[in-house]
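**Q** My file is work.pdb. It has PDB, C-alpha atoms, pLDDT in the B column:
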```
ATOM      1  CA  GLU U   1     -17.790   3.613  -9.263  1.00 81.00           C
ATOM      2  CA  ALA U   2     -15.192   0.932  -8.516  1.00 79.00           C
ATOM      3  CA  GLN U   3     -13.988   1.391  -4.985  1.00 92.00           C
ATOM      4  CA  VAL U   4     -12.893   0.018  -1.649  1.00 95.00           C
ATOM      5  CA  THR U   5     -14.969   1.420   1.206  1.00 96.00           C
ATOM      6  CA  GLN U   6     -13.851   1.435   4.815  1.00 96.00           C
ATOM      7  CA  ASN U   7     -15.857   2.491   7.834  1.00 97.00           C
ATOM      8  CA  PRO U   8     -15.527   4.359  10.045  1.00 97.00           C
ATOM      9  CA  ARG U   9     -12.987   6.966   8.858  1.00 96.00           C
ATOM     10  CA  TYR U  10     -12.158   7.958  12.429  1.00 96.00           C
ATOM     11  CA  LEU U  11     -12.544   5.978  15.627  1.00 97.00           C
ATOM     12  CA  ILE U  12     -11.566   6.766  19.206  1.00 97.00           C
ATOM     13  CA  THR U  13     -11.994   3.994  21.745  1.00 96.00           C
ATOM     14  CA  VAL U  14     -10.722   2.807  25.106  1.00 96.00           C
ATOM     15  CA  THR U  15      -8.446  -0.085  25.939  1.00 97.00           C
ATOM     16  CA  GLY U  16     -10.208  -3.435  25.898  1.00 96.00           C
ATOM     17  CA  LYS U  17     -13.412  -2.430  24.132  1.00 97.00           C
ATOM     18  CA  LYS U  18     -13.946  -4.702  21.131  1.00 97.00           C
ATOM     19  CA  LEU U  19     -14.290  -2.983  17.784  1.00 97.00           C
ATOM     20  CA  THR U  20     -14.712  -3.839  14.123  1.00 98.00           C
ATOM     21  CA  VAL U  21     -13.547  -1.877  11.103  1.00 98.00           C
ATOM     22  CA  THR U  22     -15.479  -2.799   7.991  1.00 98.00           C
ATOM     23  CA  CYS U  23     -14.134  -3.051   4.463  1.00 98.00           C
ATOM     24  CA  SER U  24     -16.136  -3.660   1.310  1.00 98.00           C
ATOM     25  CA  GLN U  25     -15.163  -3.718  -2.377  1.00 97.00           C
ATOM     26  CA  ASN U  26     -17.431  -3.710  -5.425  1.00 95.00           C
ATOM     27  CA  MET U  27     -14.911  -4.943  -8.006  1.00 93.00           C
ATOM     28  CA  ASN U  28     -15.384  -8.684  -7.459  1.00 93.00           C
ATOM     29  CA  HIS U  29     -11.769  -8.953  -6.330  1.00 92.00           C
ATOM     30  CA  GLU U  30     -10.590 -12.241  -4.855  1.00 91.00           C
ATOM     31  CA  TYR U  31      -7.683 -10.821  -2.875  1.00 92.00           C
ATOM     32  CA  MET U  32      -8.181  -8.484   0.101  1.00 94.00           C
ATOM     33  CA  SER U  33      -5.739  -7.294   2.698  1.00 95.00           C
ATOM     34  CA  TRP U  34      -5.360  -5.071   5.765  1.00 97.00           C
ATOM     35  CA  TYR U  35      -2.386  -2.785   6.430  1.00 96.00           C
ATOM     36  CA  ARG U  36      -1.441  -0.415   9.180  1.00 97.00           C
ATOM     37  CA  GLN U  37       0.554   2.722   8.513  1.00 94.00           C
ATOM     38  CA  ASP U  38       2.809   4.147  11.192  1.00 92.00           C
ATOM     39  CA  PRO U  39       5.290   7.046  10.920  1.00 86.00           C
ATOM     40  CA  GLY U  40       8.697   5.887   9.745  1.00 83.00           C
ATOM     41  CA  LEU U  41       7.497   2.311   9.242  1.00 87.00           C
ATOM     42  CA  GLY U  42       5.525   2.558   6.028  1.00 86.00           C
ATOM     43  CA  LEU U  43       2.724   0.064   5.502  1.00 91.00           C
ATOM     44  CA  ARG U  44       2.810  -3.271   7.251  1.00 93.00           C
ATOM     45  CA  GLN U  45       0.507  -6.103   6.347  1.00 93.00           C
ATOM     46  CA  ILE U  46      -1.771  -7.432   9.108  1.00 96.00           C
ATOM     47  CA  TYR U  47      -3.839 -10.140   7.407  1.00 95.00           C
ATOM     48  CA  TYR U  48      -4.813 -11.054   3.895  1.00 94.00           C
ATOM     49  CA  SER U  49      -7.383 -13.247   2.188  1.00 94.00           C
ATOM     50  CA  MET U  50      -7.131 -14.927  -1.174  1.00 89.00           C
ATOM     51  CA  ASN U  51     -10.803 -15.833  -1.368  1.00 90.00           C
ATOM     52  CA  VAL U  52     -13.896 -16.600   0.707  1.00 94.00           C
ATOM     53  CA  GLU U  53     -12.992 -18.506   3.885  1.00 94.00           C
ATOM     54  CA  VAL U  54      -9.253 -18.322   3.028  1.00 93.00           C
ATOM     55  CA  THR U  55      -7.223 -15.999   5.261  1.00 95.00           C
ATOM     56  CA  ASP U  56      -3.598 -15.836   6.342  1.00 92.00           C
ATOM     57  CA  LYS U  57      -1.361 -13.805   8.619  1.00 93.00           C
ATOM     58  CA  GLY U  58       0.756 -10.951   7.377  1.00 91.00           C
ATOM     59  CA  ASP U  59       3.724  -9.443   9.177  1.00 89.00           C
ATOM     60  CA  VAL U  60       1.943  -7.977  12.219  1.00 95.00           C
ATOM     61  CA  PRO U  61      -1.170 -10.103  12.969  1.00 97.00           C
ATOM     62  CA  GLU U  62      -0.982 -10.072  16.793  1.00 97.00           C
ATOM     63  CA  GLY U  63      -4.066  -8.530  18.397  1.00 97.00           C
ATOM     64  CA  TYR U  64      -6.170  -8.680  15.227  1.00 98.00           C
ATOM     65  CA  LYS U  65      -8.699 -11.050  13.696  1.00 98.00           C
ATOM     66  CA  VAL U  66     -10.331 -11.109  10.278  1.00 98.00           C
ATOM     67  CA  SER U  67     -13.074 -13.018   8.533  1.00 97.00           C
ATOM     68  CA  ARG U  68     -14.056 -13.513   4.898  1.00 97.00           C
ATOM     69  CA  LYS U  69     -17.563 -14.893   4.766  1.00 97.00           C
ATOM     70  CA  GLU U  70     -18.441 -13.067   1.561  1.00 96.00           C
ATOM     71  CA  LYS U  71     -16.252 -12.076  -1.348  1.00 96.00           C
ATOM     72  CA  ARG U  72     -16.923  -8.365  -1.053  1.00 97.00           C
ATOM     73  CA  ASN U  73     -16.375  -7.925   2.716  1.00 98.00           C
ATOM     74  CA  PHE U  74     -13.267  -8.285   4.843  1.00 98.00           C
ATOM     75  CA  PRO U  75     -13.762  -6.861   8.359  1.00 98.00           C
ATOM     76  CA  LEU U  76     -10.871  -6.256  10.760  1.00 98.00           C
ATOM     77  CA  ILE U  77     -11.650  -7.128  14.376  1.00 98.00           C
ATOM     78  CA  LEU U  78      -9.795  -5.941  17.452  1.00 97.00           C
ATOM     79  CA  GLU U  79     -11.045  -8.099  20.324  1.00 96.00           C
ATOM     80  CA  SER U  80      -9.232  -6.146  23.048  1.00 97.00           C
ATOM     81  CA  PRO U  81      -7.627  -3.013  21.609  1.00 97.00           C
ATOM     82  CA  SER U  82      -4.512  -1.596  23.217  1.00 97.00           C
ATOM     83  CA  PRO U  83      -2.808   1.807  22.798  1.00 97.00           C
ATOM     84  CA  ASN U  84      -0.086   0.313  20.567  1.00 97.00           C
ATOM     85  CA  GLN U  85      -2.814  -0.383  18.003  1.00 98.00           C
ATOM     86  CA  THR U  86      -3.343   3.336  17.554  1.00 98.00           C
ATOM     87  CA  SER U  87      -2.624   3.720  13.861  1.00 97.00           C
ATOM     88  CA  LEU U  88      -3.941   4.452  10.391  1.00 96.00           C
ATOM     89  CA  TYR U  89      -5.462   1.347   8.839  1.00 97.00           C
ATOM     90  CA  PHE U  90      -5.961   0.610   5.166  1.00 97.00           C
ATOM     91  CA  CYS U  91      -7.922  -2.080   3.434  1.00 97.00           C
ATOM     92  CA  ALA U  92      -6.882  -3.054  -0.095  1.00 95.00           C
ATOM     93  CA  SER U  93      -8.086  -5.454  -2.769  1.00 94.00           C
ATOM     94  CA  SER U  94      -6.943  -6.813  -6.110  1.00 90.00           C
ATOM     95  CA  LEU U  95      -7.785  -9.405  -8.712  1.00 85.00           C
ATOM     96  CA  ASP U  96      -6.087 -12.718  -8.233  1.00 68.00           C
ATOM     97  CA  ARG U  97      -4.105 -13.157 -11.421  1.00 61.00           C
ATOM     98  CA  GLY U  98      -1.263 -15.290 -10.169  1.00 56.00           C
ATOM     99  CA  PRO U  99       2.027 -13.942 -11.463  1.00 52.00           C
ATOM    100  CA  TYR U 100       0.378 -11.304 -13.636  1.00 59.00           C
ATOM    101  CA  ASN U 101       0.062  -7.694 -12.658  1.00 66.00           C
ATOM    102  CA  SER U 102      -2.804  -7.099 -10.289  1.00 76.00           C
ATOM    103  CA  PRO U 103      -2.156  -3.863  -8.419  1.00 82.00           C
ATOM    104  CA  LEU U 104      -3.764  -3.104  -5.105  1.00 88.00           C
ATOM    105  CA  HIS U 105      -6.736  -0.754  -4.815  1.00 91.00           C
ATOM    106  CA  PHE U 106      -6.891   1.004  -1.456  1.00 94.00           C
ATOM    107  CA  GLY U 107      -9.647   2.367   0.736  1.00 94.00           C
ATOM    108  CA  ASN U 108      -9.342   5.862   2.218  1.00 93.00           C
ATOM    109  CA  GLY U 109      -8.204   4.645   5.594  1.00 95.00           C
ATOM    110  CA  THR U 110      -9.449   4.440   9.177  1.00 97.00           C
ATOM    111  CA  ARG U 111      -7.656   6.444  11.810  1.00 96.00           C
ATOM    112  CA  LEU U 112      -7.924   4.568  15.096  1.00 98.00           C
ATOM    113  CA  THR U 113      -6.985   5.994  18.489  1.00 98.00           C
ATOM    114  CA  VAL U 114      -6.972   3.723  21.533  1.00 97.00           C
ATOM    115  CA  THR U 115      -6.710   5.485  24.891  1.00 96.00           C
TER     116      THR U 115
ATOM    117  CA  GLY Y   1      14.008 -10.747   5.239  1.00 62.00           C
ATOM    118  CA  GLU Y   2      12.443  -8.630   2.540  1.00 68.00           C
ATOM    119  CA  ASP Y   3      12.900  -4.900   2.891  1.00 83.00           C
ATOM    120  CA  VAL Y   4      12.228  -1.774   0.850  1.00 88.00           C
ATOM    121  CA  GLU Y   5      14.020   1.444   1.709  1.00 90.00           C
ATOM    122  CA  GLN Y   6      13.323   5.039   0.742  1.00 93.00           C
ATOM    123  CA  SER Y   7      14.511   8.402   1.933  1.00 88.00           C
ATOM    124  CA  LEU Y   8      11.892  10.155   4.041  1.00 89.00           C
ATOM    125  CA  PHE Y   9      11.834  13.651   2.549  1.00 94.00           C
ATOM    126  CA  LEU Y  10      12.415  15.460  -0.720  1.00 96.00           C
ATOM    127  CA  SER Y  11      11.901  19.123  -1.467  1.00 97.00           C
ATOM    128  CA  VAL Y  12      11.949  20.604  -4.985  1.00 96.00           C
ATOM    129  CA  ARG Y  13      10.955  23.835  -6.678  1.00 97.00           C
ATOM    130  CA  GLU Y  14       7.927  23.976  -8.929  1.00 97.00           C
ATOM    131  CA  GLY Y  15       8.901  23.233 -12.521  1.00 97.00           C
ATOM    132  CA  ASP Y  16      11.996  21.230 -11.573  1.00 97.00           C
ATOM    133  CA  SER Y  17      12.288  17.467 -11.883  1.00 97.00           C
ATOM    134  CA  SER Y  18      11.887  15.259  -8.813  1.00 97.00           C
ATOM    135  CA  VAL Y  19      13.659  11.958  -8.411  1.00 97.00           C
ATOM    136  CA  ILE Y  20      12.512   9.590  -5.692  1.00 97.00           C
ATOM    137  CA  ASN Y  21      14.709   6.569  -5.035  1.00 96.00           C
ATOM    138  CA  CYS Y  22      14.022   3.146  -3.614  1.00 95.00           C
ATOM    139  CA  THR Y  23      16.091   0.044  -2.916  1.00 94.00           C
ATOM    140  CA  TYR Y  24      14.643  -3.413  -2.413  1.00 89.00           C
ATOM    141  CA  THR Y  25      16.025  -6.758  -1.354  1.00 84.00           C
ATOM    142  CA  ASP Y  26      13.997  -9.489  -3.045  1.00 77.00           C
ATOM    143  CA  SER Y  27      15.728 -10.156  -6.366  1.00 73.00           C
ATOM    144  CA  SER Y  28      12.873 -12.388  -7.507  1.00 75.00           C
ATOM    145  CA  SER Y  29      10.232  -9.639  -7.364  1.00 71.00           C
ATOM    146  CA  THR Y  30       8.085  -9.721 -10.482  1.00 75.00           C
ATOM    147  CA  TYR Y  31       6.471  -6.306 -10.235  1.00 85.00           C
ATOM    148  CA  LEU Y  32       7.525  -3.064  -8.591  1.00 90.00           C
ATOM    149  CA  TYR Y  33       5.066  -0.279  -7.956  1.00 92.00           C
ATOM    150  CA  TRP Y  34       4.865   3.390  -7.151  1.00 95.00           C
ATOM    151  CA  TYR Y  35       1.902   4.609  -5.148  1.00 95.00           C
ATOM    152  CA  LYS Y  36       0.947   8.175  -4.258  1.00 96.00           C
ATOM    153  CA  GLN Y  37      -0.789   9.136  -1.018  1.00 94.00           C
ATOM    154  CA  GLU Y  38      -2.381  12.541  -0.718  1.00 92.00           C
ATOM    155  CA  PRO Y  39      -3.409  13.903   2.705  1.00 86.00           C
ATOM    156  CA  GLY Y  40      -6.418  12.110   4.155  1.00 83.00           C
ATOM    157  CA  ALA Y  41      -6.603   9.613   1.321  1.00 86.00           C
ATOM    158  CA  GLY Y  42      -5.595   6.073   0.562  1.00 88.00           C
ATOM    159  CA  LEU Y  43      -2.802   5.042  -1.737  1.00 92.00           C
ATOM    160  CA  GLN Y  44      -3.333   5.418  -5.468  1.00 92.00           C
ATOM    161  CA  LEU Y  45      -1.353   3.437  -7.992  1.00 90.00           C
ATOM    162  CA  LEU Y  46       0.812   5.763 -10.071  1.00 93.00           C
ATOM    163  CA  THR Y  47       2.711   3.333 -12.192  1.00 91.00           C
ATOM    164  CA  TYR Y  48       4.407  -0.049 -12.112  1.00 89.00           C
ATOM    165  CA  ILE Y  49       7.215  -1.830 -13.896  1.00 90.00           C
ATOM    166  CA  PHE Y  50       7.726  -5.468 -14.700  1.00 87.00           C
ATOM    167  CA  SER Y  51      11.044  -6.876 -13.578  1.00 85.00           C
ATOM    168  CA  ASN Y  52      12.251  -7.619 -17.126  1.00 86.00           C
ATOM    169  CA  MET Y  53      12.043  -3.930 -18.055  1.00 89.00           C
ATOM    170  CA  ASP Y  54      14.668  -1.259 -17.466  1.00 92.00           C
ATOM    171  CA  MET Y  55      12.533   1.785 -18.009  1.00 94.00           C
ATOM    172  CA  LYS Y  56       8.924   2.812 -18.329  1.00 93.00           C
ATOM    173  CA  GLN Y  57       7.637   6.237 -19.274  1.00 94.00           C
ATOM    174  CA  ASP Y  58       4.115   7.471 -18.686  1.00 91.00           C
ATOM    175  CA  GLN Y  59       3.567  11.162 -19.454  1.00 94.00           C
ATOM    176  CA  ARG Y  60       5.519  13.095 -16.782  1.00 96.00           C
ATOM    177  CA  LEU Y  61       6.562   9.937 -14.961  1.00 96.00           C
ATOM    178  CA  THR Y  62       9.662   7.887 -15.740  1.00 97.00           C
ATOM    179  CA  VAL Y  63      10.492   4.723 -13.829  1.00 96.00           C
ATOM    180  CA  LEU Y  64      14.014   3.318 -13.966  1.00 96.00           C
ATOM    181  CA  LEU Y  65      14.865  -0.150 -12.715  1.00 94.00           C
ATOM    182  CA  ASN Y  66      18.395  -1.370 -12.056  1.00 93.00           C
ATOM    183  CA  LYS Y  67      18.006  -5.039 -11.200  1.00 90.00           C
ATOM    184  CA  LYS Y  68      21.682  -5.556 -10.546  1.00 90.00           C
ATOM    185  CA  ASP Y  69      21.704  -2.940  -7.796  1.00 91.00           C
ATOM    186  CA  LYS Y  70      18.047  -3.576  -6.820  1.00 91.00           C
ATOM    187  CA  HIS Y  71      17.348   0.091  -7.267  1.00 94.00           C
ATOM    188  CA  LEU Y  72      14.131   1.679  -8.457  1.00 94.00           C
ATOM    189  CA  SER Y  73      13.551   5.358  -9.130  1.00 96.00           C
ATOM    190  CA  LEU Y  74      10.617   7.562 -10.029  1.00 97.00           C
ATOM    191  CA  ARG Y  75      11.257  10.767 -11.923  1.00 97.00           C
ATOM    192  CA  ILE Y  76       8.525  13.390 -12.112  1.00 97.00           C
ATOM    193  CA  ALA Y  77       9.164  15.961 -14.818  1.00 97.00           C
ATOM    194  CA  ASP Y  78       7.954  19.559 -14.429  1.00 97.00           C
ATOM    195  CA  THR Y  79       6.906  18.990 -10.823  1.00 97.00           C
ATOM    196  CA  GLN Y  80       3.753  20.856  -9.785  1.00 96.00           C
ATOM    197  CA  THR Y  81       2.376  21.805  -6.366  1.00 94.00           C
ATOM    198  CA  GLY Y  82      -0.305  19.153  -6.868  1.00 94.00           C
ATOM    199  CA  ASP Y  83       2.459  16.543  -6.857  1.00 96.00           C
ATOM    200  CA  SER Y  84       3.096  17.221  -3.159  1.00 96.00           C
ATOM    201  CA  ALA Y  85       2.303  13.926  -1.451  1.00 96.00           C
ATOM    202  CA  ILE Y  86       3.889  10.826   0.034  1.00 95.00           C
ATOM    203  CA  TYR Y  87       5.238   8.375  -2.540  1.00 97.00           C
ATOM    204  CA  PHE Y  88       5.561   4.700  -1.717  1.00 96.00           C
ATOM    205  CA  CYS Y  89       7.677   2.163  -3.489  1.00 94.00           C
ATOM    206  CA  ALA Y  90       6.397  -1.421  -3.248  1.00 92.00           C
ATOM    207  CA  GLU Y  91       7.425  -4.826  -4.472  1.00 88.00           C
ATOM    208  CA  ARG Y  92       5.357  -7.932  -4.932  1.00 83.00           C
ATOM    209  CA  ILE Y  93       7.219 -10.980  -3.696  1.00 79.00           C
ATOM    210  CA  SER Y  94       7.466 -13.542  -6.458  1.00 76.00           C
ATOM    211  CA  GLY Y  95       5.129 -16.517  -6.088  1.00 74.00           C
ATOM    212  CA  THR Y  96       3.171 -14.916  -3.249  1.00 75.00           C
ATOM    213  CA  TYR Y  97       0.445 -12.389  -2.641  1.00 74.00           C
ATOM    214  CA  LYS Y  98       2.680 -10.464  -0.322  1.00 79.00           C
ATOM    215  CA  TYR Y  99       3.519  -6.839  -1.004  1.00 85.00           C
ATOM    216  CA  ILE Y 100       6.350  -5.073   0.788  1.00 88.00           C
ATOM    217  CA  PHE Y 101       6.076  -1.297   1.050  1.00 92.00           C
ATOM    218  CA  GLY Y 102       8.778   1.233   1.699  1.00 92.00           C
ATOM    219  CA  THR Y 103       8.486   3.869   4.413  1.00 91.00           C
ATOM    220  CA  GLY Y 104       7.322   6.479   1.897  1.00 93.00           C
ATOM    221  CA  THR Y 105       9.019   9.664   0.668  1.00 95.00           C
ATOM    222  CA  ARG Y 106       7.277  12.930   1.458  1.00 95.00           C
ATOM    223  CA  LEU Y 107       7.643  15.224  -1.554  1.00 97.00           C
ATOM    224  CA  LYS Y 108       7.211  18.917  -0.932  1.00 97.00           C
ATOM    225  CA  VAL Y 109       6.958  21.196  -3.954  1.00 96.00           C
ATOM    226  CA  LEU Y 110       7.865  24.824  -3.338  1.00 94.00           C
ATOM    227  CA  ALA Y 111       6.108  27.478  -5.398  1.00 88.00           C
TER     228      ALA Y 111
END
```
As structure tokens, please, write out the structure in this file.

**A**
Amino acid sequence: EAQVTQNPRYLITVTGKKLTVTCSQNMNHEYMSWYRQDPGLGLRQIYYSMNVEVTDKGDVPEGYKVSRKEKRNFPLILESPSPNQTSLYFCASSLDRGPYNSPLHFGNGTRLTVT
Amino acid sequence: GEDVEQSLFLSVREGDSSVINCTYTDSSSTYLYWYKQEPGAGLQLLTYIFSNMDMKQDQRLTVLLNKKDKHLSLRIADTQTGDSAIYFCAERISGTYKYIFGTGTRLKVLA
């Protein structure tokens, strides 16, 4: 089944303790991206990657890191989490088709709480 | 900067039509999308429209695009309780891989 898989689904941690949220897709998509969803703010893009070893900042990259060593994986790293990073996180992927339609496929989300 | 706006809530009775509205700012957007988010799940693509179209119909869903006013709407005919969800409007910024999402409209369908 074609899908985007995120782990874990739920995570509670303390301020300053490094964590990684994994994301994997089995559709051979070039493009992958991370979003956070907060009430009243919709989805905001954190980082995106257009292919292996190619990443770029989205609208809210501060406090996050990403890597793209393999096409299928795009982990989100919080080196020193803070309470304002408590949020619902989504990973998404799509084919890179330039101007042509390539809608995003989303994972089921990771709910992160930082105390 | 780019922005996409939606009303936060909509409540309709089962069997009625629902209309969810969205306004966007980037006039060069090539594609506009509607996504549905059910509780505890990610966003699922419902439908999309290319910017040179005015209307697209897909079973119970009708998308209307007014490029002049930068207004997008999603009409759900014969709304069912299973349509209760959050609906997001999104635009893809022309020439980029950047997607801008609205705040989402929470649709509640009353039996």

**Q** Could you tell me how far CA of Cys23 in chain U sits from CA of Asn73 in chain U, in Å to one decimal place?

**A**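 Here the two named atoms are 5.6 Å from each other.
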
**Q** I need the residue set behind the PyMOL selection byres ((chain Y) within 12 of (chain U)) for this file; please write it as JSON, numbers by chain.

**A** {"Y": [1, 2, 3, 4, 5, 6, 7, 8, 9, 28, 29, 30, 31, 32, 33, 34, 35, 36, 37, 38, 39, 40, 41, 42, 43, 44, 45, 46, 47, 48, 49, 50, 51, 86, 87, 88, 89, 90, 91, 92, 93, 94, 95, 96, 97, 98, 99, 100, 101, 102, 103, 104, 105, 106]}

**Q** Taking all atoms of range 58-65 of chain U that appear in the file, build a box with edges along x, y and z, extend it by 6 Å on every side, and state its centre and edge lengths in Å to one decimal, as AutoDock Vina command-line options.

**A**
```
--center_x -2.5 --center_y -9.5 --center_z 12.9 --size_x 24.4 --size_y 15.1 --size_z 23.0
```

**Q** Once the PyMOL selection byres ((chain Y and resi 12) around 10) is applied to the coordinates I shared, what remains selected? I want it as a PDB file with C-alpha atoms, in the frame of the given file.

**A**
```pdb
ATOM      1  CA  LEU Y  10      12.415  15.460  -0.720  1.00 96.00           C
ATOM      2  CA  SER Y  11      11.901  19.123  -1.467  1.00 97.00           C
ATOM      3  CA  ARG Y  13      10.955  23.835  -6.678  1.00 97.00           C
ATOM      4  CA  GLU Y  14       7.927  23.976  -8.929  1.00 97.00           C
ATOM      5  CA  GLY Y  15       8.901  23.233 -12.521  1.00 97.00           C
ATOM      6  CA  ASP Y  16      11.996  21.230 -11.573  1.00 97.00           C
ATOM      7  CA  SER Y  17      12.288  17.467 -11.883  1.00 97.00           C
ATOM      8  CA  SER Y  18      11.887  15.259  -8.813  1.00 97.00           C
ATOM      9  CA  VAL Y  19      13.659  11.958  -8.411  1.00 97.00           C
ATOM     10  CA  THR Y  79       6.906  18.990 -10.823  1.00 97.00           C
ATOM     11  CA  GLN Y  80       3.753  20.856  -9.785  1.00 96.00           C
ATOM     12  CA  THR Y  81       2.376  21.805  -6.366  1.00 94.00           C
ATOM     13  CA  SER Y  84       3.096  17.221  -3.159  1.00 96.00           C
ATOM     14  CA  LEU Y 107       7.643  15.224  -1.554  1.00 97.00           C
ATOM     15  CA  LYS Y 108       7.211  18.917  -0.932  1.00 97.00           C
ATOM     16  CA  VAL Y 109       6.958  21.196  -3.954  1.00 96.00           C
ATOM     17  CA  LEU Y 110       7.865  24.824  -3.338  1.00 94.00           C
ATOM     18  CA  ALA Y 111       6.108  27.478  -5.398  1.00 88.00           C
TER      19      ALA Y 111
END
```

**Q** I'd like the residues picked by the PyMOL selection byres ((chain Y and resi 57-62) around 8) written out as a compact mmCIF listing (two decimals) with C-alpha atoms, in the coordinates of the input, using the chain letters and numbers from the file.

**A**
```txt
# COMPACT_ATOMS: atom_id res chain seq x y z
CA THR Y 47 2.71 3.33 -12.19
CA MET Y 55 12.53 1.78 -18.01
CA LYS Y 56 8.92 2.81 -18.33
CA VAL Y 63 10.49 4.72 -13.83
CA LEU Y 64 14.01 3.32 -13.97
CA LEU Y 74 10.62 7.56 -10.03
CA ARG Y 75 11.26 10.77 -11.92
CA ILE Y 76 8.52 13.39 -12.11
CA ALA Y 77 9.16 15.96 -14.82
CA ASP Y 78 7.95 19.56 -14.43
```

**Q** In Å, how far is it from CA of Pro81 in chain U to CA of Lys57 in chain U?

**A**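 We find that CA of Pro81 in chain U and CA of Lys57 in chain U lie 18.0 Å from each other.
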
**Q** Between CA of Val114 in chain U and CA of Gly16 in chain U, measure the distance and give it in Å to one decimal.

**A** 9.0 Å
